[in-house]
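Let me begin by presenting the structure, written as structure tokens, before commenting on it.
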Amino acid sequence: MAGGSADERGEWRLALPLAAFFLLFFIAPLAVLAAWSFYAATETHTLTLAQYAKFLGDRFTLGILWNTLWLGVEATLVCLVFGYPLAWLAIRLTPRWQAALLFVVILPILTSVVVRTFAWIVMLGSQGVINKTLIAIGLIDTPLRLLYTETGVVMVLAQVQMPLMVLPIMATLMRVDRNLFDASASLGAGAWRTLWKVTLPLSIPGIVAGCILVYAACVTAFVTHTLIGGARLIYMPLYIYQQATGANDWPFAAAMSVIFMVAVLFVVYLLNLLGRTSKGQIYG
Amino acid sequence: MNKPDMNRRTLLAAGLGMGVAAAFPTRLLAAENLVVATFPGTWNEAQTKVLAPYFKKRTGASVTATIKLAHDQVAMLAAAGGNPPFDVAIFDDPQVLDAVKQGLIVEYPQAKSPNFKELLPQYQDPWGPKISMQVIGIGYNPKRVKTPPKSWDDLLDPKYKGRVGLTALNSQLGIAFLVELNRIKGGTDTNFDPAFKALKALLPNVGAIGANLGAYATLWQQEEIDIAPYNFNFVQTLKGKGVPVELSIPETGAVGWRTSLHLVKGAKDPDLAVQYIDSSLAADLQTALEQAPYSVIPTNGKVQLTGEITRTLGKTHADLAKIRTVDWAVINPQRGALIEQFNREISK
């Protein structure tokens with residue numbers, strides 16, 4: 001890096017094509033969406049805040065928003081609980097086994113989300129694999145209700161989004177100096193104490209990145225919500241879709257999209273904040 | 001030229017060019033290709049296996065079909081603003097009204113369509129010919145429901161607790177069922193309280209509500225539900241795949257609506273589009289589509305009714321003409337409010 005900063009050499013211009021692409025295909029449509037959210041109706045384009053008032057003044061719609069945000073929290077926690085040990089294990093394996101594990105982890109991304117979700121219907125149904133197995137080994141008498149329940153949706157989301165949690169944590173853990181673990185052990189810390197005092201704090205950036213990715217993917221997973229949740233569990237993406245196409249109410253759908261986006265961004269901001277404060281504690 | 005004027009780079013470029021040409025032969029060589037919208041399920045299968053080959057034989061052009069529900073097509077055409085993503089739209093009765101109001105389709109050029117005049121009068125819509133009719137009744141799993149249900153009230157029978165299915169109101173099936181339930185329970189097209197009261201009474205029996213028709217079909221395939229409102233053609237399609245499902249027409253009668261093809265405003269190849277629509281009206285094509293597993297109800301007066309249609313729905317075209325329809329001009333403006341109320345009633 002001898003030739004001055006990137007700024008002086010004009011390297012920033014390399015980002016221009018992508019910036020232009022984003023401006024044209026992401027920012028501009030977003031602006032159109034925001035404009036629509038202030039219209040009075042699909043046919044009348046007088047400006048009003050009525051759509052926002054309608055959403056925020058209704059316990060039913062607020063309930064849908066809350067359920068969606070909470071669903072994301074549940075699925076993210078499940079991903080973290082199951083994903084962290086996997087990442088922890090992965091960095092301790094020989095390269096060959098590590099590659100094998102990595103392949104298994106990313107396998108879900110390699111099939112279409114629709115196909116995967118239909119496969120889960122076959123698994124979760126009352127005549128499905130899980131229920132038939134549980135009945136066969138005598139654990140239950142009547143089939144468990146998994147399809148069309150929130151538990152089912154969380155299970156499927158956790159499986160589908162797992163790679164987004166495992167990969168960032170693995171990447172962070174791989175960068176951690178192995179000598180730190182040995183040092184911790186030689187100073188008398190047991191495995192759990194090392195995990196709690198050394199490994200976990202050092203992997204916070206990976207955990208935060210994983211949580212943000214999984215959370216954003218889970219709350220917007222339209223296909224999983226509708227196919228596994230059915231019509232009785234209404235989450236924001238399905239509700240927005242219904243308003244836009246079924247009810248032909250574009251302004252309300254646009255206002256809901258804006259509110260939903262802001263809400264998700266707020267949760268992501270909180271996660272970031274959490275990451276930053278806990279990083280301070282390691283060195284403090 | 002004593003030496004071929006070809007160095008490594010041009011050779012590579014030529015090879016690459018041939019490779020690309022081989023990879024996308026249709027893009028470069030095919031004379032014409034028509035993009036049409038099609039419904040998921042029965043119509044898509046009939047389109048791919050029967051109508052598209054028939055059209056290709058007639059015109060030499062190929063068909064690319066995009067599978068979309070009618071509501072989604074209206075939304076896409078409205079959003080496209082004069083640059084439609086497909087040339088032929090497929091609608092049910094209610095969307096024709098919406099599409100005409102929003103100026104998304106043009107009047108059908110009947111003069112260019114020789115088969116149009118062969119349609120029965122009730123199917124000769126100036127905005128686009130009716131290609132079929134869809135009818136709803138009570139679907140049931142014959143393995144578990146031994147006597148065919150004869151009344152919509154059968155859905156309320158406690159013995160079906162947790163085994164009744166419903167579908168969300170974004171499909172015609174959902175809306176038409178609600179309208180019929182309302183009528184039977186004494187409601188009118190402007191007062192849906194009786195329907196929602198009946199729905200509330202029905203909910204304890206309801207095991208699952210499919211968010212869309214694909215999910216709904218899966219409920220039958222996985223035998224998650226035993227009895228539910230269903231569509232005549234979907235039942236035939238599923239039966240063709242070996243799924244245990246039958247349709248019974250209740251004593252209060254069947255309810256139906258018509259399906260039509262339309263020339264989209266701003267279509268890239270309007271003449272080809274009309275040829276495609278006209279193909280779907282031909283007597284020999286409709287006769288082919290009337291066979292199992294499609295059992296598509298014909299609209300061409302020259303086509304005799306046969307097969308599953310005569311067994312379940314009616315012996316003659318006159319019988320089919322008596323099937324009750326829905327007054328979509330009154331229902332359409334209320335659709336948003338009905339979906340909203342339905343969501344609130346069913347939400348857990």
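Going by the structure tokens order, chains are called A, B, ..., each with residues numbered from 1, while ligands are numbered from 1 in the order shown.
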
Practice problem: Define the interface residues of chain B facing chain A as those within 7 Å, counting only C-alpha atoms, and report them as a PyMOL selection string. | Solution: chain B and resi 71-72+75+168+170+208-211+215+222+224+335-336+346-348

Practice problem: Would you list the contacts of B:Ala78 as number ranges by chain, taking every protein, DNA or RNA residue within 10 Å and counting only C-alpha atoms, but skipping same-chain residues closer than 6 positions in sequence? | Solution: B: 72, 84, 99, 102-104

Quiz item: Mind checking DSSP for stretch 98-248 of chain B and telling me the alpha helix (DSSP H) residues as a PyMOL selection string?
Solution: chain B and resi 98-101+172-184+193-202+213-221+232-240

Exercise. With a distance cut-off of 9 Å and only C-alpha atoms, select the neighbouring residues of A:Phe82, excluding the residue or stretch itself and same-chain residues fewer than 5 positions from it, and output the selection as a PyMOL selection string.
Key: chain A and resi 77+158+162+166

Quiz item: What is the atom CA of A:Ile109 to atom CA of A:Leu167 distance in Å?
Solution: 12.2 Å

Quiz item: In terms of the shortest atom-to-atom distance over only C-alpha atoms, which of B:Ile184, B:Ala201, B:Val74, B:Val255 is closest to B:Lys101?
Solution: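 Checking each candidate against B:Lys101, we get B:Val74 as the closest.
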
Quiz prompt | Within 7 Å of stretch 232-240 of chain B using only C-alpha atoms, minus same-chain residues under 5 positions, as a PyMOL selection string | solution = chain B and resi 41-42+134-136+245-247+293-296

Quiz item: Which residues, written as a list in words, have at least one atom at most 9 Å from A:Ala254, with only C-alpha atoms counted and residues fewer than 6 positions away on the same chain left out?
Solution: Leu33, Ala34, Ala35, Trp36, Ser37, Phe38, Gln51, Ile240 and Ala244 of chain A

Export C-alpha atoms of the chosen residues as a PDB file, in the first residue's frame?
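Listing of part_36.pdb after writing:
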ATOM      1  CA  LEU A  33     -42.607   1.784  -3.530  1.00  0.00           C
ATOM      2  CA  ALA A  34     -42.310   4.514  -0.902  1.00  0.00           C
ATOM      3  CA  ALA A  35     -44.249   6.923  -3.147  1.00  0.00           C
ATOM      4  CA  TRP A  36     -47.047   4.375  -3.622  1.00  0.00           C
ATOM      5  CA  SER A  37     -47.399   4.002   0.132  1.00  0.00           C
ATOM      6  CA  PHE A  38     -48.651   7.600   0.346  1.00  0.00           C
ATOM      7  CA  GLN A  51     -52.325   3.728   4.798  1.00  0.00           C
ATOM      8  CA  ILE A 240     -48.499  -7.967   1.654  1.00  0.00           C
ATOM      9  CA  ALA A 244     -51.296  -6.398  -3.570  1.00  0.00           C
TER      10      ALA A 244
END

Self-check item: Spatial neighbours of stretch 208-221 of chain A, 10 Å, only C-alpha atoms, chain gap at least 6 places, as a VMD selection string
Solution: chain A and resid 65 67 to 77 79 to 80 83 to 84 113 153 to 154 156 to 158 160 to 170 172 235 to 238 260 to 261 264 to 265 267 to 276

Atoms kept (C-alpha atoms) for selection, written as a compact mmCIF listing (two decimals), in the first residue's frame:
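Saved the output as part_38.txt:
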# COMPACT_ATOMS: atom_id res chain seq x y z
CA LEU A 65 -46.03 -7.65 12.26
CA ASN A 67 -45.69 -12.46 14.96
CA THR A 68 -43.41 -12.14 11.94
CA LEU A 69 -40.63 -10.39 13.87
CA TRP A 70 -40.93 -12.93 16.70
CA LEU A 71 -40.89 -15.86 14.27
CA GLY A 72 -37.52 -14.55 13.04
CA VAL A 73 -36.19 -14.44 16.61
CA GLU A 74 -37.26 -18.03 17.29
CA ALA A 75 -35.83 -19.41 14.06
CA THR A 76 -32.57 -17.45 14.54
CA LEU A 77 -32.14 -18.78 18.07
CA CYS A 79 -30.14 -21.82 14.12
CA LEU A 80 -27.64 -20.42 16.63
CA GLY A 83 -25.28 -24.05 14.23
CA TYR A 84 -22.64 -22.91 16.74
CA VAL A 113 -36.44 -23.56 -1.83
CA VAL A 153 -42.43 -23.19 10.39
CA VAL A 154 -39.55 -22.61 12.85
CA VAL A 156 -38.18 -25.71 8.47
CA LEU A 157 -36.76 -22.18 8.56
CA ALA A 158 -33.95 -23.32 10.85
CA VAL A 160 -33.25 -24.04 5.36
CA GLN A 161 -31.27 -21.07 6.72
CA MET A 162 -28.69 -23.03 8.75
CA PRO A 163 -25.79 -22.42 6.29
CA LEU A 164 -26.20 -18.67 6.74
CA MET A 165 -25.44 -19.14 10.44
CA VAL A 166 -22.72 -21.80 10.29
CA LEU A 167 -20.56 -20.28 7.55
CA PRO A 168 -19.90 -16.82 9.12
CA ILE A 169 -19.21 -18.39 12.54
CA MET A 170 -16.81 -20.90 10.98
CA THR A 172 -14.56 -16.15 12.34
CA TYR A 235 -47.00 -13.38 8.33
CA MET A 236 -46.10 -10.08 6.70
CA PRO A 237 -44.89 -11.35 3.29
CA LEU A 238 -48.12 -13.33 2.67
CA PHE A 260 -41.94 -4.09 7.57
CA MET A 261 -38.61 -3.00 6.09
CA VAL A 264 -36.53 -5.47 10.18
CA LEU A 265 -33.81 -2.83 9.80
CA VAL A 267 -33.89 -5.45 14.59
CA VAL A 268 -30.73 -5.69 12.47
CA TYR A 269 -29.53 -2.43 14.05
CA LEU A 270 -30.14 -3.86 17.53
CA LEU A 271 -28.15 -6.98 16.63
CA ASN A 272 -25.29 -4.82 15.39
CA LEU A 273 -25.39 -2.80 18.59
CA LEU A 274 -25.27 -6.01 20.62
CA GLY A 275 -22.24 -7.12 18.64
CA ARG A 276 -20.41 -3.87 19.23
